[in-house]
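Structure data follow from start01.txt (compact mmCIF, C-alpha atoms):
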```
# COMPACT_ATOMS: atom_id res chain seq x y z
CA MET A 1 182.13 63.07 46.32
CA LEU A 2 179.04 61.88 44.47
CA GLY A 3 175.52 62.16 45.76
CA ARG A 4 172.88 64.84 46.23
CA ASP A 5 171.28 66.43 49.24
CA THR A 6 167.84 66.26 47.63
CA LYS A 7 165.91 63.28 46.36
CA ARG A 8 167.80 61.77 43.43
CA VAL A 9 166.22 62.04 40.00
CA ALA A 10 166.47 59.01 37.73
CA MET A 11 168.83 59.54 34.82
CA THR A 12 169.09 57.98 31.41
CA ALA A 13 172.09 55.75 30.74
CA ARG A 14 173.75 58.48 28.71
CA GLU A 15 173.11 61.24 31.25
CA ARG A 16 174.51 59.00 33.96
CA PHE A 17 177.68 58.34 31.98
CA GLN A 18 178.23 61.99 31.07
CA TYR A 19 177.67 63.30 34.58
CA LEU A 20 179.83 60.60 36.12
CA MET A 21 182.74 61.20 33.75
CA ASN A 22 182.57 64.90 34.60
CA PHE A 23 182.78 64.00 38.31
CA GLU A 24 179.27 65.36 38.87
CA PRO A 25 176.47 63.85 41.00
CA VAL A 26 174.54 60.91 39.55
CA ASP A 27 171.49 58.93 40.59
CA ARG A 28 173.62 55.79 40.72
CA LEU A 29 176.76 54.49 39.03
CA PRO A 30 176.46 52.63 35.71
CA ILE A 31 175.88 48.89 36.01
CA LEU A 32 178.03 47.38 33.32
CA GLU A 33 180.41 44.69 32.19
CA TRP A 34 182.14 46.54 29.39
CA ALA A 35 184.09 43.57 27.95
CA THR A 36 182.36 40.79 26.08
CA TRP A 37 182.26 37.53 28.02
CA TRP A 38 184.61 34.65 27.27
CA ASP A 39 183.08 32.13 24.91
CA LYS A 40 183.68 29.39 27.49
CA THR A 41 181.87 31.46 30.12
CA ILE A 42 178.86 31.88 27.86
CA ALA A 43 178.93 28.18 26.95
CA ARG A 44 178.80 27.27 30.64
CA TRP A 45 175.98 29.69 31.36
CA ARG A 46 173.93 28.33 28.48
CA ASN A 47 173.89 25.02 30.34
CA GLU A 48 172.85 26.86 33.50
CA GLY A 49 169.95 28.86 32.08
CA LEU A 50 171.25 31.67 29.86
CA PRO A 51 168.83 31.77 26.90
CA ALA A 52 170.35 30.35 23.72
CA HIS A 53 168.95 33.12 21.51
CA LEU A 54 171.05 35.79 23.27
CA VAL A 55 174.20 36.16 21.18
CA ASP A 56 174.96 39.87 20.94
CA ALA A 57 176.93 41.24 23.91
CA GLY A 58 174.59 44.21 24.23
CA GLU A 59 171.58 41.95 24.44
CA ILE A 60 173.27 39.84 27.11
CA ARG A 61 174.05 42.95 29.14
CA GLU A 62 170.42 44.00 29.01
CA TYR A 63 169.26 40.48 29.90
CA PHE A 64 171.27 40.84 33.10
CA GLY A 65 169.72 44.26 33.78
CA GLN A 66 172.84 46.23 32.92
CA ASP A 67 172.87 49.68 31.36
CA CYS A 68 172.65 49.94 27.59
CA TYR A 69 176.13 50.32 26.08
CA ARG A 70 177.10 49.48 22.51
CA GLN A 71 180.53 49.23 20.89
CA LEU A 72 181.70 50.00 17.36
CA TRP A 73 185.12 48.65 16.31
CA ILE A 74 186.78 50.36 13.36
CA SER A 75 189.26 47.89 11.91
CA PRO A 76 192.06 48.96 9.54
CA ARG A 77 191.83 45.57 7.77
CA LYS A 78 189.78 44.50 4.81
CA ALA A 79 188.23 41.05 4.72
CA THR A 80 190.77 40.05 2.07
CA LEU A 81 193.79 40.42 4.40
CA PRO A 82 195.50 37.03 4.92
CA SER A 83 195.39 35.67 8.46
CA ALA A 84 198.51 35.23 10.57
CA PRO A 85 199.73 31.62 10.60
CA ALA A 86 199.38 31.42 14.40
CA HIS A 87 198.67 33.58 17.43
CA GLY A 88 201.50 36.06 17.93
CA ARG A 89 202.94 35.48 14.47
CA GLY A 90 203.04 38.23 11.87
CA ILE A 91 202.13 38.40 8.22
CA VAL A 92 204.95 40.75 7.11
CA THR A 93 208.61 41.17 8.08
CA SER A 94 209.69 44.33 6.25
CA LEU A 95 208.57 47.65 4.84
CA ALA A 96 208.51 46.18 1.32
CA GLU A 97 206.22 43.32 2.43
CA TYR A 98 203.99 45.81 4.25
CA GLU A 99 203.68 47.91 1.10
CA GLY A 100 202.76 44.70 -0.73
CA ILE A 101 199.69 44.04 1.44
CA LYS A 102 198.33 47.59 1.66
CA GLU A 103 195.64 46.81 -0.88
CA HIS A 104 194.14 44.63 1.87
CA LEU A 105 194.28 47.40 4.48
CA TYR A 106 192.47 50.65 5.26
CA PRO A 107 188.88 50.19 4.06
CA GLU A 108 187.08 53.31 2.93
CA ALA A 109 183.77 52.61 4.69
CA ILE A 110 182.31 51.72 8.08
CA ASP A 111 178.99 50.17 9.07
CA VAL A 112 177.02 53.40 8.69
CA GLN A 113 173.65 51.71 9.15
CA ARG A 114 174.60 50.34 12.56
CA ALA A 115 176.15 53.65 13.57
CA ARG A 116 172.94 55.45 12.60
CA GLU A 117 170.82 53.00 14.60
CA TYR A 118 173.02 53.57 17.63
CA ALA A 119 172.88 57.34 17.13
CA ASN A 120 169.08 57.32 17.26
CA ARG A 121 169.01 55.47 20.58
CA GLN A 122 171.90 57.58 21.86
CA ALA A 123 170.00 60.79 21.04
CA ALA A 124 167.06 59.53 23.10
CA GLY A 125 169.44 59.02 26.02
CA ASN A 126 168.86 55.28 26.10
CA MET A 127 172.30 54.18 24.91
CA VAL A 128 175.96 54.97 25.56
CA VAL A 129 178.08 54.45 22.46
CA TRP A 130 181.78 53.83 22.38
CA VAL A 131 184.18 53.18 19.53
CA THR A 132 187.34 51.10 19.63
CA LEU A 133 190.33 52.05 17.51
CA GLU A 134 193.58 50.12 17.23
CA GLY A 135 196.50 51.86 18.90
CA PHE A 136 200.01 52.62 17.75
CA PHE A 137 201.57 49.73 19.66
CA TRP A 138 198.85 47.15 18.99
CA TYR A 139 198.50 47.65 15.25
CA PRO A 140 202.13 47.15 14.09
CA ARG A 141 202.34 44.12 16.37
CA THR A 142 199.38 42.48 14.62
CA LEU A 143 201.15 42.84 11.28
CA LEU A 144 204.71 42.05 12.36
CA GLY A 145 204.09 39.51 15.12
CA ILE A 146 205.06 39.90 18.75
CA GLU A 147 208.79 39.21 18.58
CA ASN A 148 209.43 40.91 15.22
CA HIS A 149 207.52 43.96 16.38
CA LEU A 150 209.73 44.43 19.41
CA THR A 151 212.94 44.06 17.42
CA ALA A 152 211.61 46.35 14.68
CA PHE A 153 211.86 49.34 17.01
CA TYR A 154 215.65 48.93 16.72
CA GLU A 155 216.19 47.13 13.43
CA ARG A 156 213.36 48.44 11.20
CA PRO A 157 212.14 51.72 12.73
CA GLU A 158 211.03 53.04 9.35
CA THR A 159 208.57 50.13 9.07
CA VAL A 160 206.93 50.91 12.41
CA HIS A 161 206.66 54.61 11.58
CA ALA A 162 205.18 53.87 8.15
CA MET A 163 202.52 51.63 9.68
CA ASN A 164 201.63 54.15 12.35
CA GLN A 165 201.45 57.08 9.95
CA ASP A 166 199.13 55.11 7.69
CA LEU A 167 197.06 54.06 10.69
CA LEU A 168 196.80 57.66 11.87
CA ASP A 169 195.62 58.84 8.45
CA PHE A 170 193.05 56.03 8.34
CA LEU A 171 191.72 56.72 11.84
CA VAL A 172 191.35 60.43 11.17
CA ARG A 173 189.36 59.71 7.99
CA MET A 174 187.12 57.15 9.65
CA LEU A 175 186.46 59.34 12.68
CA ASP A 176 185.13 62.03 10.39
CA VAL A 177 182.93 59.49 8.62
CA LEU A 178 181.63 58.05 11.91
CA CYS A 179 181.07 61.36 13.65
CA ALA A 180 179.03 62.66 10.74
CA VAL A 181 176.52 59.97 11.73
CA CYS A 182 177.16 59.18 15.41
CA ARG A 183 179.45 60.82 17.94
CA PRO A 184 180.53 58.21 20.50
CA ASP A 185 180.51 59.16 24.17
CA PHE A 186 183.90 57.59 24.75
CA MET A 187 186.42 55.45 22.96
CA THR A 188 189.09 52.87 23.71
CA PHE A 189 192.44 52.47 22.02
CA ALA A 190 193.23 48.75 21.85
CA GLU A 191 196.85 48.67 22.98
CA ASP A 192 197.77 45.78 25.33
CA MET A 193 201.26 47.20 25.74
CA SER A 194 201.66 46.17 29.37
CA TYR A 195 201.65 42.78 31.02
CA HIS A 196 202.19 41.48 34.54
CA ASN A 197 205.33 43.48 35.36
CA GLY A 198 204.59 46.68 33.48
CA PRO A 199 205.11 48.25 30.04
CA MET A 200 206.59 46.21 27.19
CA VAL A 201 208.54 49.22 25.92
CA SER A 202 210.57 52.02 27.45
CA LYS A 203 209.42 55.62 27.77
CA ALA A 204 211.98 56.53 25.09
CA LEU A 205 210.40 54.10 22.61
CA PHE A 206 206.93 55.34 23.50
CA ASP A 207 208.02 58.94 22.89
CA GLU A 208 209.56 58.08 19.53
CA PHE A 209 207.11 55.61 18.03
CA MET A 210 203.71 56.23 19.63
CA ALA A 211 203.43 59.65 21.25
CA PRO A 212 203.73 61.66 18.01
CA TYR A 213 200.69 59.91 16.55
CA TYR A 214 198.65 60.14 19.75
CA ARG A 215 199.38 63.85 19.90
CA GLN A 216 197.72 64.25 16.52
CA ILE A 217 194.60 62.14 17.03
CA VAL A 218 193.71 62.84 20.68
CA PRO A 219 192.87 66.52 20.05
CA LYS A 220 190.56 65.40 17.25
CA LEU A 221 188.79 63.03 19.65
CA HIS A 222 188.41 65.78 22.22
CA GLY A 223 187.13 68.09 19.48
CA TYR A 224 184.33 65.63 18.84
CA GLY A 225 183.57 65.42 22.57
CA ILE A 226 184.85 61.83 22.84
CA ILE A 227 186.63 60.73 26.03
CA PRO A 228 189.70 58.63 25.11
CA PHE A 229 190.64 55.56 27.16
CA ILE A 230 193.60 53.21 26.81
CA ASP A 231 192.71 49.52 26.94
CA THR A 232 195.79 47.63 28.07
CA ASP A 233 195.98 44.51 30.17
CA GLY A 234 198.44 43.93 32.97
CA ARG A 235 200.13 46.50 35.17
CA THR A 236 199.37 50.00 33.93
CA GLU A 237 200.59 52.41 36.61
CA ASP A 238 203.79 53.37 34.78
CA LEU A 239 201.83 54.10 31.61
CA VAL A 240 199.41 56.58 33.18
CA PRO A 241 201.77 59.60 33.15
CA TRP A 242 203.07 58.68 29.68
CA PHE A 243 199.61 58.80 28.19
CA ALA A 244 198.59 61.82 30.26
CA GLU A 245 201.27 63.75 28.36
CA VAL A 246 199.45 63.06 25.07
CA GLY A 247 196.00 63.88 26.43
CA ILE A 248 194.51 60.47 27.27
CA ASP A 249 191.79 60.72 29.94
CA GLY A 250 191.29 57.16 31.19
CA PHE A 251 192.34 53.53 31.48
CA LEU A 252 190.81 50.09 31.66
CA PRO A 253 190.63 47.22 32.75
CA MET A 254 193.09 47.69 35.68
CA GLU A 255 193.81 44.04 36.45
CA ARG A 256 194.31 43.17 40.12
CA GLN A 257 196.35 40.06 39.29
CA ALA A 258 198.99 42.39 37.85
CA GLY A 259 198.97 44.52 41.00
CA CYS A 260 196.77 47.38 39.78
CA ASP A 261 195.37 49.30 42.73
CA ILE A 262 192.82 51.88 41.66
CA VAL A 263 192.56 53.27 45.20
CA ALA A 264 196.27 54.12 45.29
CA LEU A 265 196.24 55.30 41.68
CA ARG A 266 193.39 57.72 42.33
CA ARG A 267 195.34 59.29 45.20
CA GLU A 268 198.08 60.16 42.71
CA TYR A 269 195.81 60.99 39.76
CA PRO A 270 192.48 62.26 41.18
CA ARG A 271 190.99 63.13 37.76
CA LEU A 272 191.91 59.90 36.00
CA ARG A 273 188.89 58.15 34.49
CA ILE A 274 188.81 54.42 35.18
CA ILE A 275 186.70 51.44 34.11
CA GLY A 276 187.15 48.01 35.70
CA GLY A 277 189.42 47.29 38.64
CA TYR A 278 187.22 44.69 40.38
CA ASP A 279 189.18 41.48 41.06
CA LYS A 280 187.59 38.79 38.88
CA MET A 281 189.56 36.04 40.63
CA ILE A 282 187.48 36.28 43.83
CA MET A 283 184.13 35.83 42.10
CA THR A 284 183.90 32.15 43.09
CA ASN A 285 184.80 32.79 46.75
CA GLY A 286 181.32 33.53 48.06
CA GLU A 287 179.24 36.61 48.78
CA ASP A 288 181.34 37.81 51.72
CA ALA A 289 184.47 37.91 49.56
CA LEU A 290 182.63 39.77 46.81
CA ARG A 291 181.36 42.30 49.32
CA ARG A 292 184.86 42.88 50.73
CA GLU A 293 186.10 43.64 47.22
CA PHE A 294 183.32 46.18 46.73
CA GLU A 295 184.21 47.77 50.07
CA ARG A 296 187.82 48.05 48.86
CA ILE A 297 186.86 50.05 45.75
CA LEU A 298 183.95 51.96 47.30
CA PRO A 299 186.07 55.09 48.01
CA VAL A 300 186.85 55.37 44.29
CA MET A 301 183.23 54.68 43.37
CA ARG A 302 182.26 57.69 45.48
CA GLN A 303 184.76 60.02 43.80
CA GLY A 304 183.22 59.99 40.31
CA GLY A 305 184.88 59.33 36.98
CA TYR A 306 184.81 55.60 37.63
CA ILE A 307 182.67 52.74 36.33
CA PRO A 308 183.19 49.67 38.54
CA GLY A 309 183.43 46.35 36.79
CA VAL A 310 185.26 43.08 36.33
CA ASP A 311 188.94 43.68 35.56
CA HIS A 312 188.63 42.26 32.08
CA GLN A 313 186.18 39.39 31.54
CA THR A 314 184.27 37.09 33.85
CA PRO A 315 186.16 33.75 33.81
CA PRO A 316 184.45 30.47 32.87
CA GLY A 317 184.96 29.20 36.42
CA VAL A 318 182.19 31.54 37.57
CA SER A 319 178.75 29.95 37.55
CA LEU A 320 175.65 31.80 36.43
CA SER A 321 174.43 31.81 40.02
CA GLU A 322 177.70 33.31 41.25
CA TYR A 323 177.55 35.94 38.55
CA ARG A 324 174.05 36.89 39.62
CA THR A 325 175.34 37.33 43.16
CA TYR A 326 178.05 39.63 41.82
CA LEU A 327 175.45 41.65 39.90
CA LYS A 328 173.24 41.92 42.98
CA LEU A 329 176.12 43.42 44.95
CA LEU A 330 177.21 45.60 42.03
CA THR A 331 173.70 47.09 41.93
CA GLU A 332 173.73 47.62 45.69
CA TYR A 333 177.10 49.38 45.70
CA CYS A 334 176.41 51.45 42.59
CA ASP A 335 173.47 52.90 44.45
CA LYS A 336 175.37 53.18 47.73
CA ALA A 337 178.24 55.10 46.10
CA ALA A 338 175.86 57.83 44.92
CA SER A 339 173.85 58.17 48.13
```
If you convert what's in this file into structure tokens, what do you get?
Amino acid sequence: MLGRDTKRVAMTARERFQYLMNFEPVDRLPILEWATWWDKTIARWRNEGLPAHLVDAGEIREYFGQDCYRQLWISPRKATLPSAPAHGRGIVTSLAEYEGIKEHLYPEAIDVQRAREYANRQAAGNMVVWVTLEGFFWYPRTLLGIENHLTAFYERPETVHAMNQDLLDFLVRMLDVLCAVCRPDFMTFAEDMSYHNGPMVSKALFDEFMAPYYRQIVPKLHGYGIIPFIDTDGRTEDLVPWFAEVGIDGFLPMERQAGCDIVALRREYPRLRIIGGYDKMIMTNGEDALRREFERILPVMRQGGYIPGVDHQTPPGVSLSEYRTYLKLLTEYCDKAAS
């Protein structure tokens, strides 16, 4: 249980995150919407009073009084890589075609200047930094397309393995480059390998095509003191033990519409780190409904290792006024959970 017997001492954003993720007492829980807002949500809020000059997600968070978190995304693509012809479509179909585009993949540099700026604020305790890397399900899918990716596990396994080995080598190199300048506090693997009814692949396919690469990079992340999370939409419960076997510490966003229940999940996995889990679909139902949702997740909030937040992104149906009501209650319950 969180909380202290003595008067709570105010923490910096980074101290708060580190203590919380170690299941230690904090002054309050982080106040955060980790995902960037939908463009349609922001467009609506601009008409309702959100200042037009606020464009960066970090600046918008701070405008709303949220804790200071910043994200770095390390992409394995160069700017010269051709775009897919449509959403879900691929740009290659075979190993030979993949080899033919590799000159457009795996850049040798990252945005060191931005990483250094973040590191300075991080060192002062005023910023929590996380890095996003593309995972070993997500990345081949972006190159092959959704349907071709799924059939490739059976028809072109050598192509999937080649892509994932190259991705692993790239991520290891870039982690060393990044961590020489800035060591993130946590990271997310972009995966999206589950949807409404559960995983898109079997455990056997996970063990063959993804686990070997995770087993090589996760120890490196831990060696740098970075907490690894899996970012996958939809129903995630079946994936938790799979990823636990390769050393993953946490999950987000835990979507309620797919049946995710963080209260039940925590009973089974008491040391699982979680971000999200708050049902975004009730945010237009009035303050009483919002409060009931906070009461539902309050037991997990009190256990530590959990940052409450919208289970993905605030939808455009939510007005700016309704969002402010949500933030008011989030602040109240983040304090309540630590008292």
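Distance-wise, atom CA of A:Gly247 and atom CA of A:Ala115 end up 25.8 Å apart.
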*Nearest to A:Gly317, chosen from A:Thr188, A:Ser339, A:Gln216, A:Thr284, with only C-alpha atoms counted in the distances*: A:Thr284
*asked:* Could you list, as JSON, numbers by chain, every residue within 12 Å of A:Gly223, counting all atoms listed in the file and ignoring same-chain residues fewer than 2 positions away?
replied: {"A": [175, 176, 179, 183, 184, 216, 217, 218, 219, 220, 221, 225, 226, 227, 228]}
*Rank A:Tyr333, A:Phe243, A:Tyr118, A:Phe17 by their smallest atom-to-atom distance to A:Glu191, using only C-alpha atoms, and report the top residue only.*
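Distance minimum relative to A:Glu191 lands on A:Phe243.
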Counting all atoms listed in the file, note down every residue that has an atom within 12 Å of the point (178.1, 59.9, 15.1) (file coordinates), as an mmCIF file with C-alpha atoms, in the coordinates of the input.
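Saved file point_3.cif follows:
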```
data_model
loop_
_atom_site.group_PDB
_atom_site.id
_atom_site.type_symbol
_atom_site.label_atom_id
_atom_site.label_comp_id
_atom_site.auth_asym_id
_atom_site.auth_seq_id
_atom_site.Cartn_x
_atom_site.Cartn_y
_atom_site.Cartn_z
ATOM 1 C CA LEU A 72 181.700 50.000 17.360
ATOM 2 C CA ILE A 110 182.310 51.720 8.080
ATOM 3 C CA ASP A 111 178.990 50.170 9.070
ATOM 4 C CA VAL A 112 177.020 53.400 8.690
ATOM 5 C CA GLN A 113 173.650 51.710 9.150
ATOM 6 C CA ARG A 114 174.600 50.340 12.560
ATOM 7 C CA ALA A 115 176.150 53.650 13.570
ATOM 8 C CA ARG A 116 172.940 55.450 12.600
ATOM 9 C CA GLU A 117 170.820 53.000 14.600
ATOM 10 C CA TYR A 118 173.020 53.570 17.630
ATOM 11 C CA ALA A 119 172.880 57.340 17.130
ATOM 12 C CA ASN A 120 169.080 57.320 17.260
ATOM 13 C CA ARG A 121 169.010 55.470 20.580
ATOM 14 C CA GLN A 122 171.900 57.580 21.860
ATOM 15 C CA ALA A 123 170.000 60.790 21.040
ATOM 16 C CA VAL A 128 175.960 54.970 25.560
ATOM 17 C CA VAL A 129 178.080 54.450 22.460
ATOM 18 C CA TRP A 130 181.780 53.830 22.380
ATOM 19 C CA VAL A 131 184.180 53.180 19.530
ATOM 20 C CA MET A 174 187.120 57.150 9.650
ATOM 21 C CA LEU A 175 186.460 59.340 12.680
ATOM 22 C CA ASP A 176 185.130 62.030 10.390
ATOM 23 C CA VAL A 177 182.930 59.490 8.620
ATOM 24 C CA LEU A 178 181.630 58.050 11.910
ATOM 25 C CA CYS A 179 181.070 61.360 13.650
ATOM 26 C CA ALA A 180 179.030 62.660 10.740
ATOM 27 C CA VAL A 181 176.520 59.970 11.730
ATOM 28 C CA CYS A 182 177.160 59.180 15.410
ATOM 29 C CA ARG A 183 179.450 60.820 17.940
ATOM 30 C CA PRO A 184 180.530 58.210 20.500
ATOM 31 C CA ASP A 185 180.510 59.160 24.170
ATOM 32 C CA PHE A 186 183.900 57.590 24.750
ATOM 33 C CA TYR A 224 184.330 65.630 18.840
ATOM 34 C CA GLY A 225 183.570 65.420 22.570
ATOM 35 C CA ILE A 226 184.850 61.830 22.840
#
```
*asked:* Give me the residues near A:Val310 as a ChimeraX atom specification, where near means some atom within 9 Å (using all atoms listed in the file) and where sequence neighbours in that chain fewer than 4 positions away do not count.
replied: /A:32-35,253,255,275-280,314
